[in-house]
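First up is the structure itself, then whatever we jot down about it.
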Amino acid sequence: MKFFIDSAEIAEIKELSGYGLLDGVTTNPSLIAKSGRKFKEVIAEICAIVKGPVSAEVAATDYEGMVREGEILSKIAKNVCIKLPLTMDGLKACKYFSDKGIQTNVTLCFSAAQAILAAKAGATFVSPFIGRLDDIGQDGLSLIEEICDIYSNYPEFKTEVLVASIRNPVHITQAARIGADVATIPAKVLKQLVSHPLTDKGLETFVKDWASTGQKID
Ligand code: G3P
C-alpha cells in the first residue's frame with residue numbers, strides 16, 4: 001500500500017518525508033486555503049521534497065478551464081498529478097490529460113458507478129472520500145471494497161484506488177485488508193499509526209534494564 005500525505009503544509013510534509021514513509025502528496029483547494037500560501041509556489045515546493053505524485057487540483061469547473069489550468073499546473077514539475085472533480089467535464093479533462101501521459105487524480109468520488117467512469121476516463125487515481133460517507137451515516141469502507149472488487153474484474157482498468165478523507169488508523173488497516181492501492185493520510189492520523197501503549201511501556205523497560213547492565217554497544 002502506498003502512503004500519501006493529505007496536506008499543503010511544507011513543514012509537516014518535510015518532517016514525514018524524512019522518515020521515508022511518503023510515496024506522494026495530495027492537496028485540495030481547502031488545504032491550500034488553510035496554508036495561506038500561493039498555490040503554485042506550494043506545489044513547486046512540495047514537488048521538490050517528495051518525488052512521487054503530488055496532486056494539484058484545478059479550480060475551474062468547465063472542461064476548457066480545467067484543461068487550461070491543468071496545463072499550467074503540469075508544467076510546475078514532472079511529478080504533478082492533475083486533480084479533477086468527478087463531473088462529466090472533469091472526466092473529459094481526465095481523458096485529455098491521460099491521453100497526453102499526464103497523471104490524473106479524479107476526486108470527490110462517492111459511488112462505485114463514479115469510480116467506473118474514472119477508470120473509463122483513464123484516471124491514474126480515483127479518490128473515494130470515505131470519512132465524508134461515514135459522516136452521513138454511510139459506510140465508506142464498503143465503497144472501497146465495492147470499487148476494488150469491480151476493478152479486479154477488468155484488468156484493462158489501470159486506475160489505482162486512492163482512499164481519501166481518512167479519519168483514523170482503522171480506516172487505513174481496513175483499506176489495506178481490502179487491497180486499496182493508496183491511502184492519503186492527514187499527518188495526525190499517520191502519527192497515530194505508530195502509537196501503542198505496550199510499545200511505549202516495553203521500550204521504557206528495555207531502556208531501564210539495559211542501563212542496569214552498565215554496558216555500551218561500541
Ligand atoms: O484531499 C481529499 C480528502 O482527503 C479530504 O478529506 O477530511 O476534508 O473529508 P476531508
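For the C-alpha cells, the naming scheme is as follows: chains receive sequential letters (A, B, ...) according to their order of presentation, residues are indexed from 1 within each chain, and ligands are indexed from 1 in presentation order.
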Contact check, segment 127-155 of chain A to segment 99-116 of chain A, at most 10 Å, counting only C-alpha atoms, closest pairs as CSV:
residue,atom,partner,partner_atom,distance
A:Ser127,CA,A:Thr107,CA,4.8
A:Pro128,CA,A:Cys109,CA,4.4
A:Phe129,CA,A:Cys109,CA,6.2
A:Ile130,CA,A:Phe110,CA,7.9
A:Arg132,CA,A:Phe110,CA,8.8
A:Leu133,CA,A:Phe110,CA,7.3
A:Gly140,CA,A:Phe110,CA,8.4
A:Ser142,CA,A:Ala112,CA,10.0
A:Leu143,CA,A:Ala112,CA,6.6
A:Ile144,CA,A:Ala112,CA,8.4
A:Glu145,CA,A:Ala112,CA,9.5
A:Glu146,CA,A:Ala112,CA,6.5
A:Ile147,CA,A:Ala112,CA,5.5
A:Cys148,CA,A:Ala112,CA,9.3
A:Asp149,CA,A:Ala112,CA,9.9
A:Ile150,CA,A:Ile116,CA,8.0
A:Tyr151,CA,A:Ile116,CA,7.8
Using only C-alpha atoms and all ligand atoms, tabulate the residues of chain A lying at most 8 Å from any atom of ligand 1, each with its closest atom pair and that distance in Å to one decimal, by chain and increasing residue number, as a Markdown table.
| residue | atom | partner | partner_atom_place_in_ligand_line | distance |
| --- | --- | --- | --- | --- |
| A:Asp6 | CA | ligand 1 | 1 (O) | 5.7 |
| A:Ser7 | CA | ligand 1 | 1 (O) | 7.8 |
| A:Thr26 | CA | ligand 1 | 1 (O) | 5.9 |
| A:Thr27 | CA | ligand 1 | 1 (O) | 5.6 |
| A:Asn28 | CA | ligand 1 | 1 (O) | 5.3 |
| A:Ser30 | CA | ligand 1 | 8 (O) | 7.7 |
| A:Leu31 | CA | ligand 1 | 1 (O) | 7.7 |
| A:Thr107 | CA | ligand 1 | 2 (C) | 7.3 |
| A:Leu108 | CA | ligand 1 | 2 (C) | 7.5 |
| A:Ser127 | CA | ligand 1 | 2 (C) | 7.4 |
| A:Phe129 | CA | ligand 1 | 3 (C) | 6.1 |
| A:Ile130 | CA | ligand 1 | 9 (O) | 7.7 |
| A:Gly131 | CA | ligand 1 | 9 (O) | 5.7 |
| A:Arg132 | CA | ligand 1 | 9 (O) | 5.2 |
| A:Val163 | CA | ligand 1 | 4 (O) | 7.7 |
| A:Ala164 | CA | ligand 1 | 4 (O) | 4.0 |
| A:Ser165 | CA | ligand 1 | 6 (O) | 3.3 |
| A:Ile166 | CA | ligand 1 | 4 (O) | 6.2 |
| A:Arg167 | CA | ligand 1 | 7 (O) | 6.8 |
| A:Thr184 | CA | ligand 1 | 4 (O) | 6.3 |
| A:Ile185 | CA | ligand 1 | 4 (O) | 7.1 |
| A:Pro186 | CA | ligand 1 | 4 (O) | 7.6 |
Generate a file of the selected residues that holds N, CA, C and O atoms, formatted as a PDB file, in the first residue's frame.
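The resulting file, result18.pdb, is shown below:
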ATOM      1  N   ASP A   6      -1.989  13.907   3.054  1.00  0.00           N
ATOM      2  CA  ASP A   6      -3.041  14.819   2.602  1.00  0.00           C
ATOM      3  C   ASP A   6      -2.779  16.152   3.291  1.00  0.00           C
ATOM      4  O   ASP A   6      -3.269  16.391   4.399  1.00  0.00           O
ATOM      5  N   SER A   7      -1.988  16.996   2.651  1.00  0.00           N
ATOM      6  CA  SER A   7      -1.539  18.213   3.333  1.00  0.00           C
ATOM      7  C   SER A   7      -0.950  19.210   2.337  1.00  0.00           C
ATOM      8  O   SER A   7      -0.445  18.819   1.286  1.00  0.00           O
ATOM      9  N   THR A  26      -1.237  14.602  -1.553  1.00  0.00           N
ATOM     10  CA  THR A  26      -2.459  15.143  -2.163  1.00  0.00           C
ATOM     11  C   THR A  26      -2.760  16.490  -1.501  1.00  0.00           C
ATOM     12  O   THR A  26      -2.563  16.658  -0.295  1.00  0.00           O
ATOM     13  N   THR A  27      -3.217  17.419  -2.334  1.00  0.00           N
ATOM     14  CA  THR A  27      -3.697  18.701  -1.811  1.00  0.00           C
ATOM     15  C   THR A  27      -5.103  18.895  -2.372  1.00  0.00           C
ATOM     16  O   THR A  27      -5.533  18.157  -3.255  1.00  0.00           O
ATOM     17  N   ASN A  28      -5.790  19.862  -1.826  1.00  0.00           N
ATOM     18  CA  ASN A  28      -7.085  20.259  -2.397  1.00  0.00           C
ATOM     19  C   ASN A  28      -7.251  21.757  -2.122  1.00  0.00           C
ATOM     20  O   ASN A  28      -6.471  22.327  -1.341  1.00  0.00           O
ATOM     21  N   SER A  30      -9.197  23.410  -0.263  1.00  0.00           N
ATOM     22  CA  SER A  30      -9.382  23.742   1.158  1.00  0.00           C
ATOM     23  C   SER A  30      -8.040  23.712   1.895  1.00  0.00           C
ATOM     24  O   SER A  30      -7.762  24.577   2.740  1.00  0.00           O
ATOM     25  N   LEU A  31      -7.204  22.727   1.582  1.00  0.00           N
ATOM     26  CA  LEU A  31      -5.893  22.635   2.241  1.00  0.00           C
ATOM     27  C   LEU A  31      -4.990  23.798   1.819  1.00  0.00           C
ATOM     28  O   LEU A  31      -4.219  24.322   2.627  1.00  0.00           O
ATOM     29  N   THR A 107     -11.272  13.189  -8.235  1.00  0.00           N
ATOM     30  CA  THR A 107     -11.605  13.363  -6.824  1.00  0.00           C
ATOM     31  C   THR A 107     -13.106  13.534  -6.595  1.00  0.00           C
ATOM     32  O   THR A 107     -13.881  13.669  -7.542  1.00  0.00           O
ATOM     33  N   LEU A 108     -13.489  13.512  -5.319  1.00  0.00           N
ATOM     34  CA  LEU A 108     -14.893  13.643  -4.920  1.00  0.00           C
ATOM     35  C   LEU A 108     -15.718  12.468  -5.434  1.00  0.00           C
ATOM     36  O   LEU A 108     -16.840  12.649  -5.921  1.00  0.00           O
ATOM     37  N   SER A 127     -10.262   8.951  -6.215  1.00  0.00           N
ATOM     38  CA  SER A 127     -10.268   9.240  -4.771  1.00  0.00           C
ATOM     39  C   SER A 127     -11.665   9.137  -4.167  1.00  0.00           C
ATOM     40  O   SER A 127     -12.418  10.111  -4.136  1.00  0.00           O
ATOM     41  N   PHE A 129     -14.005   9.314  -1.049  1.00  0.00           N
ATOM     42  CA  PHE A 129     -13.893  10.035   0.237  1.00  0.00           C
ATOM     43  C   PHE A 129     -14.631   9.242   1.319  1.00  0.00           C
ATOM     44  O   PHE A 129     -15.846   9.415   1.498  1.00  0.00           O
ATOM     45  N   ILE A 130     -13.923   8.412   2.055  1.00  0.00           N
ATOM     46  CA  ILE A 130     -14.643   7.514   2.966  1.00  0.00           C
ATOM     47  C   ILE A 130     -15.139   8.204   4.235  1.00  0.00           C
ATOM     48  O   ILE A 130     -16.218   7.903   4.714  1.00  0.00           O
ATOM     49  N   GLY A 131     -14.349   9.129   4.792  1.00  0.00           N
ATOM     50  CA  GLY A 131     -14.766   9.801   6.027  1.00  0.00           C
ATOM     51  C   GLY A 131     -16.051  10.593   5.835  1.00  0.00           C
ATOM     52  O   GLY A 131     -16.928  10.600   6.694  1.00  0.00           O
ATOM     53  N   ARG A 132     -16.154  11.244   4.675  1.00  0.00           N
ATOM     54  CA  ARG A 132     -17.360  12.055   4.436  1.00  0.00           C
ATOM     55  C   ARG A 132     -18.594  11.166   4.267  1.00  0.00           C
ATOM     56  O   ARG A 132     -19.709  11.589   4.587  1.00  0.00           O
ATOM     57  N   VAL A 163      -7.559   5.898  -1.334  1.00  0.00           N
ATOM     58  CA  VAL A 163      -8.552   6.121  -0.271  1.00  0.00           C
ATOM     59  C   VAL A 163      -8.312   7.504   0.352  1.00  0.00           C
ATOM     60  O   VAL A 163      -7.213   7.788   0.854  1.00  0.00           O
ATOM     61  N   ALA A 164      -9.346   8.352   0.303  1.00  0.00           N
ATOM     62  CA  ALA A 164      -9.212   9.733   0.784  1.00  0.00           C
ATOM     63  C   ALA A 164     -10.229  10.003   1.886  1.00  0.00           C
ATOM     64  O   ALA A 164     -11.105   9.175   2.160  1.00  0.00           O
ATOM     65  N   SER A 165     -10.064  11.165   2.518  1.00  0.00           N
ATOM     66  CA  SER A 165     -10.940  11.561   3.624  1.00  0.00           C
ATOM     67  C   SER A 165     -10.829  10.538   4.757  1.00  0.00           C
ATOM     68  O   SER A 165     -11.828  10.077   5.290  1.00  0.00           O
ATOM     69  N   ILE A 166      -9.592  10.213   5.076  1.00  0.00           N
ATOM     70  CA  ILE A 166      -9.297   9.238   6.137  1.00  0.00           C
ATOM     71  C   ILE A 166      -9.319   9.953   7.479  1.00  0.00           C
ATOM     72  O   ILE A 166      -8.759  11.032   7.633  1.00  0.00           O
ATOM     73  N   ARG A 167      -9.991   9.325   8.445  1.00  0.00           N
ATOM     74  CA  ARG A 167     -10.147   9.967   9.756  1.00  0.00           C
ATOM     75  C   ARG A 167      -9.404   9.266  10.893  1.00  0.00           C
ATOM     76  O   ARG A 167      -9.215   9.864  11.944  1.00  0.00           O
ATOM     77  N   THR A 184      -4.376   8.267   1.319  1.00  0.00           N
ATOM     78  CA  THR A 184      -3.853   9.611   1.550  1.00  0.00           C
ATOM     79  C   THR A 184      -4.278  10.021   2.953  1.00  0.00           C
ATOM     80  O   THR A 184      -5.463  10.006   3.290  1.00  0.00           O
ATOM     81  N   ILE A 185      -3.269  10.329   3.773  1.00  0.00           N
ATOM     82  CA  ILE A 185      -3.462  10.359   5.218  1.00  0.00           C
ATOM     83  C   ILE A 185      -3.099  11.730   5.795  1.00  0.00           C
ATOM     84  O   ILE A 185      -2.028  12.259   5.492  1.00  0.00           O
ATOM     85  N   PRO A 186      -3.960  12.286   6.655  1.00  0.00           N
ATOM     86  CA  PRO A 186      -3.561  13.520   7.346  1.00  0.00           C
ATOM     87  C   PRO A 186      -2.393  13.199   8.294  1.00  0.00           C
ATOM     88  O   PRO A 186      -2.323  12.083   8.828  1.00  0.00           O
TER      89      PRO A 186
END
request  = Quote the spacing between atom CA of Val54 of chain A and atom CA of Ile172 of chain A in Å to one decimal place.
outcome  =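 Distance between the two atoms: 19.8 Å.
Each of A:Ser152, A:Thr159, A:Ser74, A:Ser195 was checked against Ala118 of chain A using only C-alpha atoms; the smallest atom-to-atom distance is that of A:Thr159.
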inquiry  = To one decimal place in Å, what is the distance between atom CA of Phe39 of chain A and atom CA of Ile13 of chain A?
reply    =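 Going from atom CA of Phe39 of chain A over to atom CA of Ile13 of chain A, I get 15.4 Å.
Each of A:Lys216, A:Lys78, A:Arg37, A:His196 was checked against Gly52 of chain A using only C-alpha atoms; the smallest atom-to-atom distance is that of A:Lys78.
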inquiry  = Can you pull out every residue from segment 35-132 of chain A that DSSP, working from the backbone, puts in alpha helix (DSSP H), and format the result as a PyMOL selection string?
reply    = chain A and resi 35+39-49+63-74+88-99+112-120+130-132
Write out as a compact mmCIF listing (two decimals) with N, CA, C and O atoms, in the first residue's frame each polymer residue whose atoms come within 8 Å of segment 179-182 of chain A, counting only C-alpha atoms; drop sequence neighbours fewer than 3 positions from it.
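Saved the output as part33.txt:
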# COMPACT_ATOMS: atom_id res chain seq x y z
N MET A 1 0.84 -1.20 0.00
CA MET A 1 0.00 0.00 0.00
C MET A 1 0.88 1.26 0.00
O MET A 1 1.81 1.35 0.81
N LYS A 2 0.57 2.17 -0.91
CA LYS A 2 1.33 3.43 -0.91
C LYS A 2 0.71 4.41 0.08
O LYS A 2 -0.50 4.44 0.24
N PHE A 3 1.58 5.20 0.70
CA PHE A 3 1.13 6.23 1.64
C PHE A 3 1.37 7.61 1.04
O PHE A 3 2.50 7.97 0.72
N PHE A 4 0.31 8.37 0.89
CA PHE A 4 0.43 9.78 0.52
C PHE A 4 0.06 10.58 1.75
O PHE A 4 -0.69 10.10 2.61
N ILE A 144 -14.99 1.23 -0.74
CA ILE A 144 -13.64 0.81 -1.19
C ILE A 144 -13.67 -0.65 -1.63
O ILE A 144 -13.11 -1.01 -2.68
N CYS A 148 -12.80 -1.90 -5.41
CA CYS A 148 -11.69 -2.84 -5.63
C CYS A 148 -12.20 -4.12 -6.30
O CYS A 148 -11.55 -4.64 -7.21
N GLU A 160 -5.73 3.38 -10.02
CA GLU A 160 -5.46 2.94 -8.65
C GLU A 160 -6.48 3.56 -7.69
O GLU A 160 -6.86 4.73 -7.85
N VAL A 161 -6.89 2.76 -6.70
CA VAL A 161 -7.86 3.24 -5.71
C VAL A 161 -7.09 3.96 -4.59
O VAL A 161 -6.29 3.36 -3.88
N LEU A 162 -7.34 5.27 -4.51
CA LEU A 162 -6.65 6.14 -3.55
C LEU A 162 -7.67 6.53 -2.47
O LEU A 162 -8.57 7.34 -2.72
N VAL A 163 -7.56 5.90 -1.33
CA VAL A 163 -8.55 6.12 -0.27
C VAL A 163 -8.31 7.50 0.35
O VAL A 163 -7.21 7.79 0.85
N ALA A 175 -8.69 -0.59 4.85
CA ALA A 175 -8.49 -0.35 3.42
C ALA A 175 -7.35 -1.23 2.90
O ALA A 175 -7.40 -1.74 1.78
N ALA A 176 -6.33 -1.45 3.74
CA ALA A 176 -5.21 -2.32 3.35
C ALA A 176 -5.68 -3.78 3.24
O ALA A 176 -5.27 -4.50 2.34
task = Tell me which protein, DNA and RNA residues are within 7 Å of segment 60-69 of chain A, counting only C-alpha atoms, leaving out same-chain ones fewer than 6 positions away, and put them as a ChimeraX atom specification.
result = /A:89-90,92-93
Just N, CA, C and O atoms for this one: save the residues we selected as a PDB file, in the first residue's frame.
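Produced file result-v5.pdb, reproduced below:
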ATOM      1  N   ASP A  89     -17.489  17.090 -17.157  1.00  0.00           N
ATOM      2  CA  ASP A  89     -16.378  17.899 -17.661  1.00  0.00           C
ATOM      3  C   ASP A  89     -15.052  17.429 -17.070  1.00  0.00           C
ATOM      4  O   ASP A  89     -14.016  17.392 -17.761  1.00  0.00           O
ATOM      5  N   GLY A  90     -15.078  17.058 -15.794  1.00  0.00           N
ATOM      6  CA  GLY A  90     -13.857  16.562 -15.143  1.00  0.00           C
ATOM      7  C   GLY A  90     -13.369  15.277 -15.790  1.00  0.00           C
ATOM      8  O   GLY A  90     -12.170  15.083 -15.992  1.00  0.00           O
ATOM      9  N   LYS A  92     -13.957  14.356 -18.883  1.00  0.00           N
ATOM     10  CA  LYS A  92     -13.463  14.692 -20.232  1.00  0.00           C
ATOM     11  C   LYS A  92     -12.037  15.251 -20.125  1.00  0.00           C
ATOM     12  O   LYS A  92     -11.164  14.888 -20.919  1.00  0.00           O
ATOM     13  N   ALA A  93     -11.817  16.093 -19.126  1.00  0.00           N
ATOM     14  CA  ALA A  93     -10.469  16.660 -18.917  1.00  0.00           C
ATOM     15  C   ALA A  93      -9.500  15.546 -18.497  1.00  0.00           C
ATOM     16  O   ALA A  93      -8.329  15.543 -18.897  1.00  0.00           O
TER      17      ALA A  93
END
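Put simply, atom CA of Leu117 of chain A is 16.7 Å away from atom CA of Ile82 of chain A.
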query = Between A:Val58, A:Ala44, A:Val50, A:Ala33, which one has atoms that come closest to Leu21 of chain A, using only C-alpha atoms?
reply =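 Of A:Val58, A:Ala44, A:Val50, A:Ala33, the one nearest Leu21 of chain A, counting only C-alpha atoms, is A:Val50.
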task = Find the residues near Gln192 of chain A: any atom within 8 Å, counting only C-alpha atoms, skip ones fewer than 3 places away on the same chain, and give them as a VMD selection string.
result = chain A and resid 168 to 169 188 to 189 195
Output C-alpha atoms of each residue in that selection to a file, as a PDB file, in the first residue's frame.
ATOM      1  CA  ASN A 168      -8.433   7.227  11.808  1.00  0.00           C
ATOM      2  CA  PRO A 169      -5.951   4.297  11.718  1.00  0.00           C
ATOM      3  CA  LYS A 188      -2.127  13.463  12.649  1.00  0.00           C
ATOM      4  CA  VAL A 189      -3.526  10.063  11.621  1.00  0.00           C
ATOM      5  CA  SER A 195       1.428   4.534  18.658  1.00  0.00           C
TER       6      SER A 195
END
inquiry  = I need the residues of segment 42-153 of chain A that end up classed as strand (DSSP E) by DSSP on the backbone, written out as an MDAnalysis selection string.
reply    = chainID A and resid 54:57 80:85 104:109 125:128
